[in-house]
file data_0.pdb (PDB, C-alpha atoms)
ATOM      1  CA  MET A1145     131.592 125.533  75.168
ATOM      2  CA  ASN A1146     128.889 125.753  72.503
ATOM      3  CA  CYS A1147     125.147 126.433  72.953
ATOM      4  CA  GLN A1148     124.172 122.755  72.825
ATOM      5  CA  VAL A1149     126.530 121.777  75.653
ATOM      6  CA  VAL A1150     125.556 124.783  77.747
ATOM      7  CA  GLN A1151     121.852 124.110  77.364
ATOM      8  CA  LYS A1152     122.402 120.516  78.451
ATOM      9  CA  LYS A1153     124.161 121.646  81.624
ATOM     10  CA  LEU A1154     122.030 124.655  82.411
ATOM     11  CA  ILE A1155     119.910 123.069  85.146
ATOM     12  CA  PHE A1156     123.045 121.880  86.953
ATOM     13  CA  PHE A1157     124.574 125.340  86.482
ATOM     14  CA  LEU A1158     121.516 126.992  88.041
ATOM     15  CA  GLU A1159     121.637 124.509  90.917
ATOM     16  CA  LYS A1160     125.390 125.180  91.266
ATOM     17  CA  GLU A1161     126.185 121.512  90.890
ATOM     18  CA  LEU A1162     128.887 121.823  88.229
ATOM     19  CA  SER A1163     132.608 121.746  88.880
ATOM     20  CA  GLY A1164     134.430 125.065  89.167
ATOM     21  CA  ALA A1165     135.847 124.897  85.656
ATOM     22  CA  GLU A1166     132.477 124.018  84.128
ATOM     23  CA  MET A1167     130.720 126.787  86.054
ATOM     24  CA  LYS A1168     133.261 129.253  84.699
ATOM     25  CA  ALA A1169     132.896 127.970  81.130
ATOM     26  CA  VAL A1170     129.088 128.270  81.250
ATOM     27  CA  HIS A1171     129.408 131.771  82.733
ATOM     28  CA  GLU A1172     131.722 132.806  79.933
ATOM     29  CA  HIS A1173     129.358 131.426  77.322
ATOM     30  CA  LEU A1174     126.376 133.196  78.847
ATOM     31  CA  ASP A1175     128.290 136.478  78.677
ATOM     32  CA  ILE A1176     128.432 136.276  74.912
ATOM     33  CA  CYS A1177     125.274 134.337  73.950
ATOM     34  CA  PRO A1178     121.940 136.209  74.328
ATOM     35  CA  ASN A1179     119.940 133.155  73.207
ATOM     36  CA  CYS A1180     121.317 130.982  76.000
ATOM     37  CA  VAL A1181     120.817 133.820  78.490
ATOM     38  CA  LEU A1182     117.138 133.953  77.542
ATOM     39  CA  PHE A1183     116.766 130.235  78.037
ATOM     40  CA  ALA A1184     118.641 130.406  81.346
ATOM     41  CA  GLN A1185     116.314 133.167  82.563
ATOM     42  CA  GLU A1186     113.239 131.187  81.572
ATOM     43  CA  MET A1187     114.595 128.069  83.218
ATOM     44  CA  LYS A1188     115.394 129.980  86.421
ATOM     45  CA  ALA A1189     111.920 131.524  86.507
ATOM     46  CA  THR A1190     110.293 128.143  85.909
ATOM     47  CA  LEU A1191     112.315 126.361  88.585
ATOM     48  CA  SER A1192     111.620 129.158  91.067
ATOM     49  CA  ILE A1193     107.955 128.091  90.921
ATOM     50  CA  LEU A1194     108.996 125.179  93.151
ATOM     51  CA  ASP A1195     109.829 127.615  95.954
ATOM     52  CA  THR A1196     106.429 129.313  95.842
ATOM     53  CA  ASP A1197     104.745 125.917  95.557
ATOM     54  CA  LYS A1198     106.135 124.656  98.856
ATOM     55  CA  ASN A1199     104.243 124.582 102.120
ATOM     56  CA  PRO A1200     100.620 124.783 101.066
ATOM     57  CA  GLU A1201      98.462 126.179 103.842
ATOM     58  CA  ILE A1202      96.650 123.477 105.724
ATOM     59  CA  THR A1203      92.980 124.010 106.284
ATOM     60  CA  PRO A1204      91.950 124.300 109.955
ATOM     61  CA  PHE A1205      90.624 121.403 112.016
ATOM     62  CA  PHE A1206      92.969 118.956 110.347
ATOM     63  CA  TYR A1207      93.275 116.875 113.528
ATOM     64  CA  THR A1208      89.488 116.810 113.953
ATOM     65  CA  ARG A1209      89.109 115.436 110.441
ATOM     66  CA  VAL A1210      91.799 112.800 111.019
ATOM     67  CA  LYS A1211      90.050 111.762 114.217
ATOM     68  CA  ALA A1212      86.663 111.598 112.484
ATOM     69  CA  LYS A1213      88.127 109.449 109.708
ATOM     70  CA  LEU A1214      89.699 107.115 112.239
ATOM     71  CA  GLU A1215      86.450 106.790 114.186
ATOM     72  CA  ASN A1216      84.455 106.145 111.008
ATOM     73  CA  GLN A1217      86.831 103.368 110.020
ATOM     74  CA  VAL A1218      86.684 101.784 113.456
ATOM     75  CA  GLU A1219      82.889 102.011 113.462
ATOM     76  CA  ALA A1220      82.613 100.413 110.020
ATOM     77  CA  GLU A1221      84.897  97.578 111.099
ATOM     78  CA  ASN A1222      82.935  97.077 114.310
ATOM     79  CA  GLN A1223      79.696  96.861 112.381
ATOM     80  CA  VAL A1224      81.094  94.056 110.265
ATOM     81  CA  ALA A1225      82.708  92.295 113.222
ATOM     82  CA  HIS A1226      79.686  92.523 115.497
ATOM     83  CA  ARG A1227      77.105  91.269 113.051
ATOM     84  CA  PRO A1228      75.388  88.286 114.704
ATOM     85  CA  VAL A1229      77.051  84.998 113.888
ATOM     86  CA  LEU A1230      73.712  83.589 112.813
ATOM     87  CA  VAL A1231      73.293  86.343 110.233
ATOM     88  CA  ARG A1232      76.830  85.915 108.976
ATOM     89  CA  VAL A1233      76.406  82.133 108.608
ATOM     90  CA  LEU A1234      72.719  81.847 107.824
ATOM     91  CA  GLN A1235      72.651  84.453 105.096
ATOM     92  CA  PRO A1236      75.001  82.619 102.719
ATOM     93  CA  VAL A1237      73.412  79.266 103.607
ATOM     94  CA  ALA A1238      69.928  80.611 102.819
ATOM     95  CA  PHE A1239      71.107  82.051  99.526
ATOM     96  CA  SER A1240      72.772  78.739  98.623
ATOM     97  CA  ILE A1241      69.594  76.780  99.420
ATOM     98  CA  ILE A1242      67.472  79.160  97.330
ATOM     99  CA  LEU A1243      69.934  78.803  94.466
ATOM    100  CA  LEU A1244      69.921  74.997  94.689
ATOM    101  CA  PHE A1245      66.121  74.966  94.800
ATOM    102  CA  GLY A1246      66.035  77.166  91.765
ATOM    103  CA  ILE A1247      68.340  74.837  89.831
ATOM    104  CA  TYR A1248      66.420  71.743  90.984
ATOM    105  CA  GLY A1249      63.084  73.388  90.102
ATOM    106  CA  GLY A1250      64.385  74.264  86.688
ATOM    107  CA  ILE A1251      65.541  70.721  86.033
ATOM    108  CA  ARG A1252      62.222  69.290  87.249
ATOM    109  CA  LEU A1253      60.237  71.700  85.154
ATOM    110  CA  GLY A1254      62.294  70.813  82.103
ATOM    111  CA  ASN A1255      61.761  67.069  82.669
ATOM    112  CA  THR A1256      57.999  67.428  83.240
ATOM    113  CA  SER A1257      57.403  69.371  80.073
ATOM    114  CA  SER A1258      59.424  66.905  77.961
ATOM    115  CA  SER A1259      57.610  63.822  79.442
ATOM    116  CA  LYS A1260      54.186  65.515  78.841
ATOM    117  CA  SER A1261      54.931  65.988  75.178
ATOM    118  CA  VAL A1262      55.819  62.273  74.851
ATOM    119  CA  ASN A1263      52.443  61.366  76.435
ATOM    120  CA  VAL A1264      50.551  63.588  74.037
ATOM    121  CA  VAL A1265      52.187  61.857  71.083
ATOM    122  CA  ALA A1266      51.421  58.435  72.627
ATOM    123  CA  GLU A1267      47.756  59.404  73.125
ATOM    124  CA  GLN A1268      47.508  60.523  69.552
ATOM    125  CA  GLU A1269      48.973  57.227  68.395
ATOM    126  CA  LEU A1270      46.426  55.135  70.410
ATOM    127  CA  ILE A1271      43.224  56.798  69.187
ATOM    128  CA  PRO A1272      42.003  54.744  66.177
ATOM    129  CA  TYR A1273      40.796  56.498  63.097
ATOM    130  CA  TRP A1274      36.980  56.318  62.913
ATOM    131  CA  ASN A1275      35.486  56.588  59.454
ATOM    132  CA  ASP A1276      31.725  57.233  59.561
ATOM    133  CA  LEU A1277      31.211  56.357  55.901
ATOM    134  CA  ASP A1278      32.675  52.891  56.380
ATOM    135  CA  ALA A1279      30.310  52.150  59.258
ATOM    136  CA  GLU A1280      27.147  53.464  57.595
ATOM    137  CA  PRO A1281      27.278  53.985  53.817
ATOM    138  CA  ILE A1282      25.374  57.003  52.458
ATOM    139  CA  GLU A1283      22.897  54.816  50.484
ATOM    140  CA  ILE A1284      21.689  53.020  53.605
ATOM    141  CA  PHE A1285      21.400  56.306  55.412
ATOM    142  CA  LEU A1286      19.258  57.796  52.628
ATOM    143  CA  LEU A1287      17.060  54.732  52.411
ATOM    144  CA  ASP A1288      16.421  54.941  56.143
TER
ATOM    145  CA  MET B 453     107.513 115.998 123.913
ATOM    146  CA  PRO B 454     110.181 113.993 122.024
ATOM    147  CA  ASP B 455     109.199 111.563 119.268
ATOM    148  CA  THR B 456     110.099 108.461 121.275
ATOM    149  CA  GLU B 457     107.780 109.527 124.070
ATOM    150  CA  ILE B 458     104.975 110.301 121.611
ATOM    151  CA  ILE B 459     105.364 106.837 120.094
ATOM    152  CA  GLU B 460     105.454 105.144 123.498
ATOM    153  CA  GLN B 461     102.294 106.927 124.625
ATOM    154  CA  LEU B 462     100.631 106.274 121.289
ATOM    155  CA  LYS B 463     101.319 102.575 121.719
ATOM    156  CA  GLN B 464      99.406 102.787 124.987
ATOM    157  CA  GLY B 465      96.477 104.420 123.151
ATOM    158  CA  ASN B 466      96.986 107.945 124.449
ATOM    159  CA  GLU B 467      94.871 110.318 122.347
ATOM    160  CA  ASN B 468      96.821 113.394 123.375
ATOM    161  CA  ALA B 469      99.967 111.826 122.002
ATOM    162  CA  PHE B 470      98.192 111.262 118.699
ATOM    163  CA  ARG B 471      97.048 114.887 118.628
ATOM    164  CA  ARG B 472     100.630 115.983 119.302
ATOM    165  CA  LEU B 473     101.928 113.729 116.527
ATOM    166  CA  VAL B 474      99.416 115.118 114.002
ATOM    167  CA  GLU B 475     100.133 118.712 114.983
ATOM    168  CA  ASN B 476     103.900 118.217 114.823
ATOM    169  CA  TYR B 477     103.964 116.454 111.488
ATOM    170  CA  GLN B 478     100.892 117.563 109.524
ATOM    171  CA  LYS B 479     102.853 120.125 107.498
ATOM    172  CA  LEU B 480     105.550 117.607 106.623
ATOM    173  CA  VAL B 481     103.044 114.981 105.504
ATOM    174  CA  VAL B 482     100.705 117.338 103.620
ATOM    175  CA  ASN B 483     103.656 119.004 101.872
ATOM    176  CA  THR B 484     105.102 115.658 100.780
ATOM    177  CA  CYS B 485     101.733 114.473  99.480
ATOM    178  CA  TYR B 486     101.169 117.821  97.751
ATOM    179  CA  GLY B 487     104.561 117.541  96.059
ATOM    180  CA  MET B 488     103.511 114.184  94.661
ATOM    181  CA  VAL B 489      99.862 114.733  93.687
ATOM    182  CA  ARG B 490      99.822 118.550  93.232
ATOM    183  CA  ASN B 491      96.276 118.933  94.413
ATOM    184  CA  ARG B 492      95.566 120.464  97.781
ATOM    185  CA  GLU B 493      92.379 118.575  98.621
ATOM    186  CA  ASP B 494      93.810 115.245  97.520
ATOM    187  CA  ALA B 495      97.029 115.920  99.459
ATOM    188  CA  GLU B 496      95.092 116.594 102.680
ATOM    189  CA  ASP B 497      92.947 113.544 102.138
ATOM    190  CA  ILE B 498      96.011 111.342 101.668
ATOM    191  CA  ALA B 499      97.687 112.969 104.677
ATOM    192  CA  GLN B 500      94.685 112.039 106.830
ATOM    193  CA  ASP B 501      95.007 108.439 105.659
ATOM    194  CA  VAL B 502      98.704 108.532 106.531
ATOM    195  CA  PHE B 503      97.957 109.501 110.129
ATOM    196  CA  VAL B 504      95.213 106.917 110.401
ATOM    197  CA  GLU B 505      97.685 104.273 109.210
ATOM    198  CA  VAL B 506     100.271 105.489 111.717
ATOM    199  CA  TYR B 507      97.750 105.257 114.550
ATOM    200  CA  ARG B 508      96.724 101.745 113.624
ATOM    201  CA  ASN B 509     100.193 100.370 112.923
ATOM    202  CA  VAL B 510     102.166 102.165 115.608
ATOM    203  CA  ASP B 511     103.034  98.801 117.185
ATOM    204  CA  SER B 512     104.999  97.820 114.099
ATOM    205  CA  PHE B 513     107.174 100.952 114.328
ATOM    206  CA  ARG B 514     110.777 100.098 115.196
ATOM    207  CA  ALA B 515     112.243 102.215 117.946
ATOM    208  CA  ASP B 516     115.588 102.587 116.142
ATOM    209  CA  ALA B 517     114.029 104.235 113.063
ATOM    210  CA  LYS B 518     113.248 107.939 112.714
ATOM    211  CA  LEU B 519     109.584 108.843 112.948
ATOM    212  CA  SER B 520     109.864 111.370 110.124
ATOM    213  CA  THR B 521     111.397 108.726 107.822
ATOM    214  CA  TRP B 522     108.488 106.398 108.551
ATOM    215  CA  LEU B 523     105.982 109.188 107.880
ATOM    216  CA  TYR B 524     107.696 110.161 104.624
ATOM    217  CA  ARG B 525     107.651 106.530 103.492
ATOM    218  CA  ILE B 526     103.938 106.083 104.192
ATOM    219  CA  ALA B 527     103.125 109.458 102.609
ATOM    220  CA  VAL B 528     105.091 108.623  99.453
ATOM    221  CA  ASN B 529     103.547 105.146  99.128
ATOM    222  CA  ARG B 530     100.023 106.440  99.683
ATOM    223  CA  SER B 531     100.548 109.249  97.158
ATOM    224  CA  LEU B 532     101.907 106.836  94.551
ATOM    225  CA  ASN B 533      98.900 104.565  95.089
ATOM    226  CA  HIS B 534      96.613 107.554  94.655
ATOM    227  CA  ILE B 535      98.330 108.513  91.388
ATOM    228  CA  ARG B 536      98.071 104.915  90.115
ATOM    229  CA  ASP B 537      94.393 104.711  91.031
ATOM    230  CA  ASN B 538      93.762 108.025  89.305
ATOM    231  CA  LYS B 539      95.490 106.802  86.158
ATOM    232  CA  LYS B 540      93.325 103.669  86.105
ATOM    233  CA  HIS B 541      90.238 105.774  86.762
ATOM    234  CA  LYS B 542      91.123 108.112  83.910
ATOM    235  CA  TRP B 543      91.680 105.143  81.609
ATOM    236  CA  PHE B 544      88.176 103.893  82.295
ATOM    237  CA  GLN B 545      86.638 107.333  82.097
ATOM    238  CA  SER B 546      85.554 108.758  78.783
ATOM    239  CA  VAL B 547      88.378 110.627  77.163
ATOM    240  CA  GLU B 548      88.754 114.012  78.766
ATOM    241  CA  SER B 549      90.236 116.608  76.484
ATOM    242  CA  GLU B 550      93.661 117.910  77.334
ATOM    243  CA  VAL B 551      92.422 121.482  77.146
ATOM    244  CA  GLU B 552      89.799 120.794  79.802
ATOM    245  CA  ALA B 553      92.382 119.239  82.100
ATOM    246  CA  LYS B 554      94.715 122.177  81.652
ATOM    247  CA  ASN B 555      91.930 124.649  82.325
ATOM    248  CA  ARG B 556      91.085 122.800  85.520
ATOM    249  CA  GLN B 557      94.725 122.952  86.574
ATOM    250  CA  LEU B 558      94.832 126.668  85.801
ATOM    251  CA  LEU B 559      91.673 127.256  87.817
ATOM    252  CA  GLN B 560      93.142 125.357  90.736
ATOM    253  CA  LEU B 561      96.316 127.422  90.608
ATOM    254  CA  GLU B 562      94.281 130.604  90.425
ATOM    255  CA  SER B 563      92.257 129.657  93.459
ATOM    256  CA  SER B 564      95.346 128.705  95.434
ATOM    257  CA  LYS B 565      97.207 131.927  94.653
ATOM    258  CA  VAL B 566      94.295 134.322  94.548
ATOM    259  CA  ASP B 567      95.782 136.480  97.290
ATOM    260  CA  GLN B 568      99.065 136.952  95.401
ATOM    261  CA  PRO B 569      98.543 139.421  92.550
ATOM    262  CA  GLU B 570     102.176 139.092  91.514
ATOM    263  CA  TYR B 571     101.477 135.504  90.676
ATOM    264  CA  ASP B 572     100.653 136.523  87.141
ATOM    265  CA  LEU B 573      99.495 134.588  84.137
ATOM    266  CA  GLU B 574     103.053 133.950  82.974
ATOM    267  CA  ASN B 575     103.900 132.235  86.228
ATOM    268  CA  LYS B 576     100.721 130.170  86.058
ATOM    269  CA  GLN B 577     101.710 128.997  82.625
ATOM    270  CA  ARG B 578     105.197 128.193  83.908
ATOM    271  CA  ALA B 579     103.735 126.275  86.841
ATOM    272  CA  ILE B 580     101.596 124.144  84.526
ATOM    273  CA  ILE B 581     104.594 123.358  82.331
ATOM    274  CA  LEU B 582     106.803 122.537  85.308
ATOM    275  CA  HIS B 583     104.173 120.334  86.976
ATOM    276  CA  GLY B 584     103.563 118.561  83.682
ATOM    277  CA  ALA B 585     107.301 117.927  83.293
ATOM    278  CA  ILE B 586     107.629 116.633  86.880
ATOM    279  CA  ASN B 587     104.547 114.429  86.505
ATOM    280  CA  SER B 588     105.972 112.843  83.384
ATOM    281  CA  LEU B 589     109.112 111.694  85.242
ATOM    282  CA  PRO B 590     109.423 107.994  86.121
ATOM    283  CA  GLU B 591     108.056 107.192  89.596
ATOM    284  CA  ASN B 592     111.407 106.815  91.402
ATOM    285  CA  GLN B 593     112.857 109.982  89.902
ATOM    286  CA  LYS B 594     109.707 111.879  90.811
ATOM    287  CA  VAL B 595     109.836 110.704  94.429
ATOM    288  CA  ALA B 596     113.526 111.577  94.792
ATOM    289  CA  PHE B 597     113.022 114.975  93.128
ATOM    290  CA  THR B 598     109.982 115.827  95.249
ATOM    291  CA  LEU B 599     111.700 114.880  98.504
ATOM    292  CA  SER B 600     114.745 116.879  97.482
ATOM    293  CA  LYS B 601     112.945 120.005  96.258
ATOM    294  CA  TYR B 602     109.795 120.179  98.362
ATOM    295  CA  GLU B 603     111.139 118.787 101.595
ATOM    296  CA  GLU B 604     114.780 119.751 101.054
ATOM    297  CA  LEU B 605     115.939 116.373 102.319
ATOM    298  CA  SER B 606     119.582 115.414 102.005
ATOM    299  CA  TYR B 607     120.691 112.504  99.792
ATOM    300  CA  GLN B 608     121.181 110.453 102.958
ATOM    301  CA  GLU B 609     117.644 111.152 104.181
ATOM    302  CA  ILE B 610     116.142 110.410 100.758
ATOM    303  CA  SER B 611     118.069 107.131 100.645
ATOM    304  CA  GLU B 612     116.565 106.165 104.027
ATOM    305  CA  VAL B 613     113.033 106.999 102.910
ATOM    306  CA  MET B 614     113.396 105.207  99.579
ATOM    307  CA  GLU B 615     115.413 102.341 101.065
ATOM    308  CA  MET B 616     118.237 102.550  98.556
ATOM    309  CA  SER B 617     121.871 103.572  98.529
ATOM    310  CA  VAL B 618     122.991 107.202  98.490
ATOM    311  CA  SER B 619     124.669 106.703  95.109
ATOM    312  CA  SER B 620     121.377 105.427  93.667
ATOM    313  CA  VAL B 621     119.636 108.547  94.946
ATOM    314  CA  GLU B 622     122.340 110.713  93.379
ATOM    315  CA  SER B 623     121.886 108.952  90.087
ATOM    316  CA  LEU B 624     118.080 109.240  90.304
ATOM    317  CA  LEU B 625     118.264 112.967  90.973
ATOM    318  CA  PHE B 626     120.796 113.487  88.191
ATOM    319  CA  ARG B 627     118.519 111.703  85.700
ATOM    320  CA  ALA B 628     115.441 113.523  87.006
ATOM    321  CA  LYS B 629     117.075 116.909  86.468
ATOM    322  CA  LYS B 630     118.371 115.894  83.048
ATOM    323  CA  ASN B 631     114.897 114.751  82.007
ATOM    324  CA  LEU B 632     113.341 117.934  83.353
ATOM    325  CA  GLN B 633     115.833 120.057  81.464
ATOM    326  CA  LYS B 634     115.143 118.110  78.266
ATOM    327  CA  LYS B 635     111.400 118.638  78.606
ATOM    328  CA  LEU B 636     111.727 122.313  79.481
ATOM    329  CA  HIS B 637     114.147 122.878  76.612
ATOM    330  CA  LYS B 638     111.762 121.186  74.197
ATOM    331  CA  CYS B 639     108.995 123.424  75.483
ATOM    332  CA  TYR B 640     111.200 126.515  75.177
ATOM    333  CA  LYS B 641     111.972 125.631  71.570
ATOM    334  CA  LYS B 642     108.249 125.290  70.859
ATOM    335  CA  LYS B 643     107.766 128.737  72.420
ATOM    336  CA  CYS B 644     105.320 127.400  75.003
ATOM    337  CA  MET B 645     107.215 129.067  77.861
TER
END
call {"tool": "encode", "arguments": {"input": "data_0.pdb", "output": "structure tokens"}}
result
Amino acid sequence: MNCQVVQKKLIFFLEKELSGAEMKAVHEHLDICPNCVLFAQEMKATLSILDTDKNPEITPFFYTRVKAKLENQVEAENQVAHRPVLVRVLQPVAFSIILLFGIYGGIRLGNTSSSKSVNVVAEQELIPYWNDLDAEPIEIFLLD
Amino acid sequence: MPDTEIIEQLKQGNENAFRRLVENYQKLVVNTCYGMVRNREDAEDIAQDVFVEVYRNVDSFRADAKLSTWLYRIAVNRSLNHIRDNKKHKWFQSVESEVEAKNRQLLQLESSKVDQPEYDLENKQRAIILHGAINSLPENQKVAFTLSKYEELSYQEISEVMEMSVSSVESLLFRAKKNLQKKLHKCYKKKCM
């Protein structure tokens, strides 16, 4: 067995999951290869972290906190469920009406302003041009 | 009090039965969640949600199933959801430097092992590398590996929790270990361990 093969099987060797013959071959290689031994030691030390990692201590009052969470959830749901029907129905209806009024008001406002501008133009068109000089020439005015 | 009795009483809304259930299984659930998320506070938070879900859905529990299997399944699903949510959250967050994240992890390890002086810097570094390698495994492999290593479940038990065949679990664990070895070897070559 060469280094490459051994290093590929090392995790299974450390977990003792190789067949008898393979275990023996890896053992024999490790006896003569210091580089692979180093890697095997590192690998073993790294994997042993899993054992120290297990069973984290649980903080006290775990049940109390579970119970509080459960009660909070139930309370929140009850608040939503027990809101008066009128509020639950009327609120969206009121908002819809306000929205519709807003749209209608906007449309009306738009129409009014456009019709006003047409009127202004019409008024301007109706007023006849009045020329003072035509009505009373300057000579007559001076003579008077 | 046996599990069947606890479940029966829980179905009738008995609070003492719920207390008994939490006390009997809190270690199992917190440990499973911790194996998945590797953060103590998050693991306890998820574990609380697991028990709340159990309390609310106890009527849907089949009498022929094992209570522990059901708890493992909920704990794994909740933990996976938490990891997915965190990933999304991180994606939306401004880019956090890798160094900062590693420092945070180191700090967390320090605080969790502060009473163990033998837990030296070398081991902390190893723990970060190992957790990083486990976290980078595909979801299914990670679940199988965590249940096998943290909870020491048999292939049969893991297959029941994950709802797949024993041979699939074997294959998942084989690939998980192979991937871990590859990552650790790469790290060893780069002299980071």
call {"tool": "residues_near_point", "arguments": {"input": "data_0.pdb", "point": "(115.8, 132.7, 81.0)", "cutoff": "12 Å", "atoms": "all atoms listed in the file", "output": "PyMOL selection string"}}
result
(chain A and resi 1151+1154-1155+1158+1174+1177-1192) or (chain B and resi 578+636-637+640+645)
call {"tool": "atom_distance", "arguments": {"input": "data_0.pdb", "atom1": "CA of Lys539 in chain B", "atom2": "CA of Arg508 in chain B"}}
result
28.0 Å
call {"tool": "atom_distance", "arguments": {"input": "data_0.pdb", "atom1": "CA of Gln593 in chain B", "atom2": "CA of Ser620 in chain B"}}
result
10.4 Å
call {"tool": "resolve_selection", "arguments": {"input": "data_0.pdb", "expression": "the ChimeraX specification (/A :<8) & /B", "output": "list in words"}}
result
Arg471, Val474, Glu475, Lys479, Val482, Asn483, Tyr486, Gly487, Arg492, Glu496, Gln500, Asp501, Phe503, Val504, Asn575, Arg578, Ala579, Leu582, Lys601, Tyr602, Lys629, Lys630, Gln633, Lys634, Leu636, His637, Tyr640 and Met645 of chain B
call {"tool": "resolve_selection", "arguments": {"input": "data_0.pdb", "expression": "the PyMOL selection byres ((chain B and resi 463) around 10)", "output": "list in words"}}
result
Glu457, Ile458, Ile459, Glu460, Gln461, Leu462, Gln464, Gly465, Asn466, Ala469, Phe470, Tyr507, Arg508, Asn509, Val510, Asp511, Ser512 and Phe513 of chain B
call {"tool": "atom_distance", "arguments": {"input": "data_0.pdb", "atom1": "CA of Glu493 in chain B", "atom2": "CA of His534 in chain B"}}
result
12.5 Å
call {"tool": "resolve_selection", "arguments": {"input": "data_0.pdb", "expression": "the PyMOL selection byres ((chain B and resi 529) around 12)", "output": "PyMOL selection string"}}
result
chain B and resi 481+484-485+488-489+498-499+501-502+505+522-528+530-536+591-592+595+613-614
call {"tool": "axis_aligned_box", "arguments": {"input": "data_0.pdb", "around": "range 1215-1232 of chain A", "padding_each_side": "4 Å", "output": "JSON"}}
result
{"center_x": 80.1, "center_y": 95.2, "center_z": 112.2, "size_x": 21.5, "size_y": 31.2, "size_z": 14.5}
call {"tool": "build_atoms", "arguments": {"input": "data_0.pdb", "residues": "range 516-531 of chain B", "atoms": "N, CA and C atoms", "output": "compact mmCIF listing (two decimals), keeping the file's coordinate frame"}}
result
# COMPACT_ATOMS: atom_id res chain seq x y z
N ASP B 516 114.31 102.06 116.63
CA ASP B 516 115.59 102.59 116.14
C ASP B 516 115.42 103.49 114.91
N ALA B 517 114.24 103.43 114.27
CA ALA B 517 114.03 104.24 113.06
C ALA B 517 113.56 105.64 113.43
N LYS B 518 113.70 106.56 112.46
CA LYS B 518 113.25 107.94 112.71
C LYS B 518 111.78 108.04 112.35
N LEU B 519 111.02 108.72 113.19
CA LEU B 519 109.58 108.84 112.95
C LEU B 519 109.31 109.56 111.62
N SER B 520 110.10 110.61 111.36
CA SER B 520 109.86 111.37 110.12
C SER B 520 110.10 110.49 108.89
N THR B 521 111.11 109.62 108.96
CA THR B 521 111.40 108.73 107.82
C THR B 521 110.21 107.81 107.57
N TRP B 522 109.66 107.29 108.67
CA TRP B 522 108.49 106.40 108.55
C TRP B 522 107.30 107.15 107.93
N LEU B 523 107.09 108.38 108.40
CA LEU B 523 105.98 109.19 107.88
C LEU B 523 106.17 109.50 106.39
N TYR B 524 107.42 109.87 106.04
CA TYR B 524 107.70 110.16 104.62
C TYR B 524 107.38 108.93 103.77
N ARG B 525 107.82 107.77 104.27
CA ARG B 525 107.65 106.53 103.49
C ARG B 525 106.16 106.23 103.27
N ILE B 526 105.38 106.35 104.32
CA ILE B 526 103.94 106.08 104.19
C ILE B 526 103.31 107.11 103.25
N ALA B 527 103.71 108.39 103.44
CA ALA B 527 103.12 109.46 102.61
C ALA B 527 103.44 109.23 101.13
N VAL B 528 104.69 108.86 100.85
CA VAL B 528 105.09 108.62 99.45
C VAL B 528 104.32 107.44 98.88
N ASN B 529 104.25 106.33 99.63
CA ASN B 529 103.55 105.15 99.13
C ASN B 529 102.07 105.43 98.88
N ARG B 530 101.46 106.12 99.83
CA ARG B 530 100.02 106.44 99.68
C ARG B 530 99.79 107.36 98.48
N SER B 531 100.69 108.33 98.29
CA SER B 531 100.55 109.25 97.16
C SER B 531 100.71 108.50 95.83
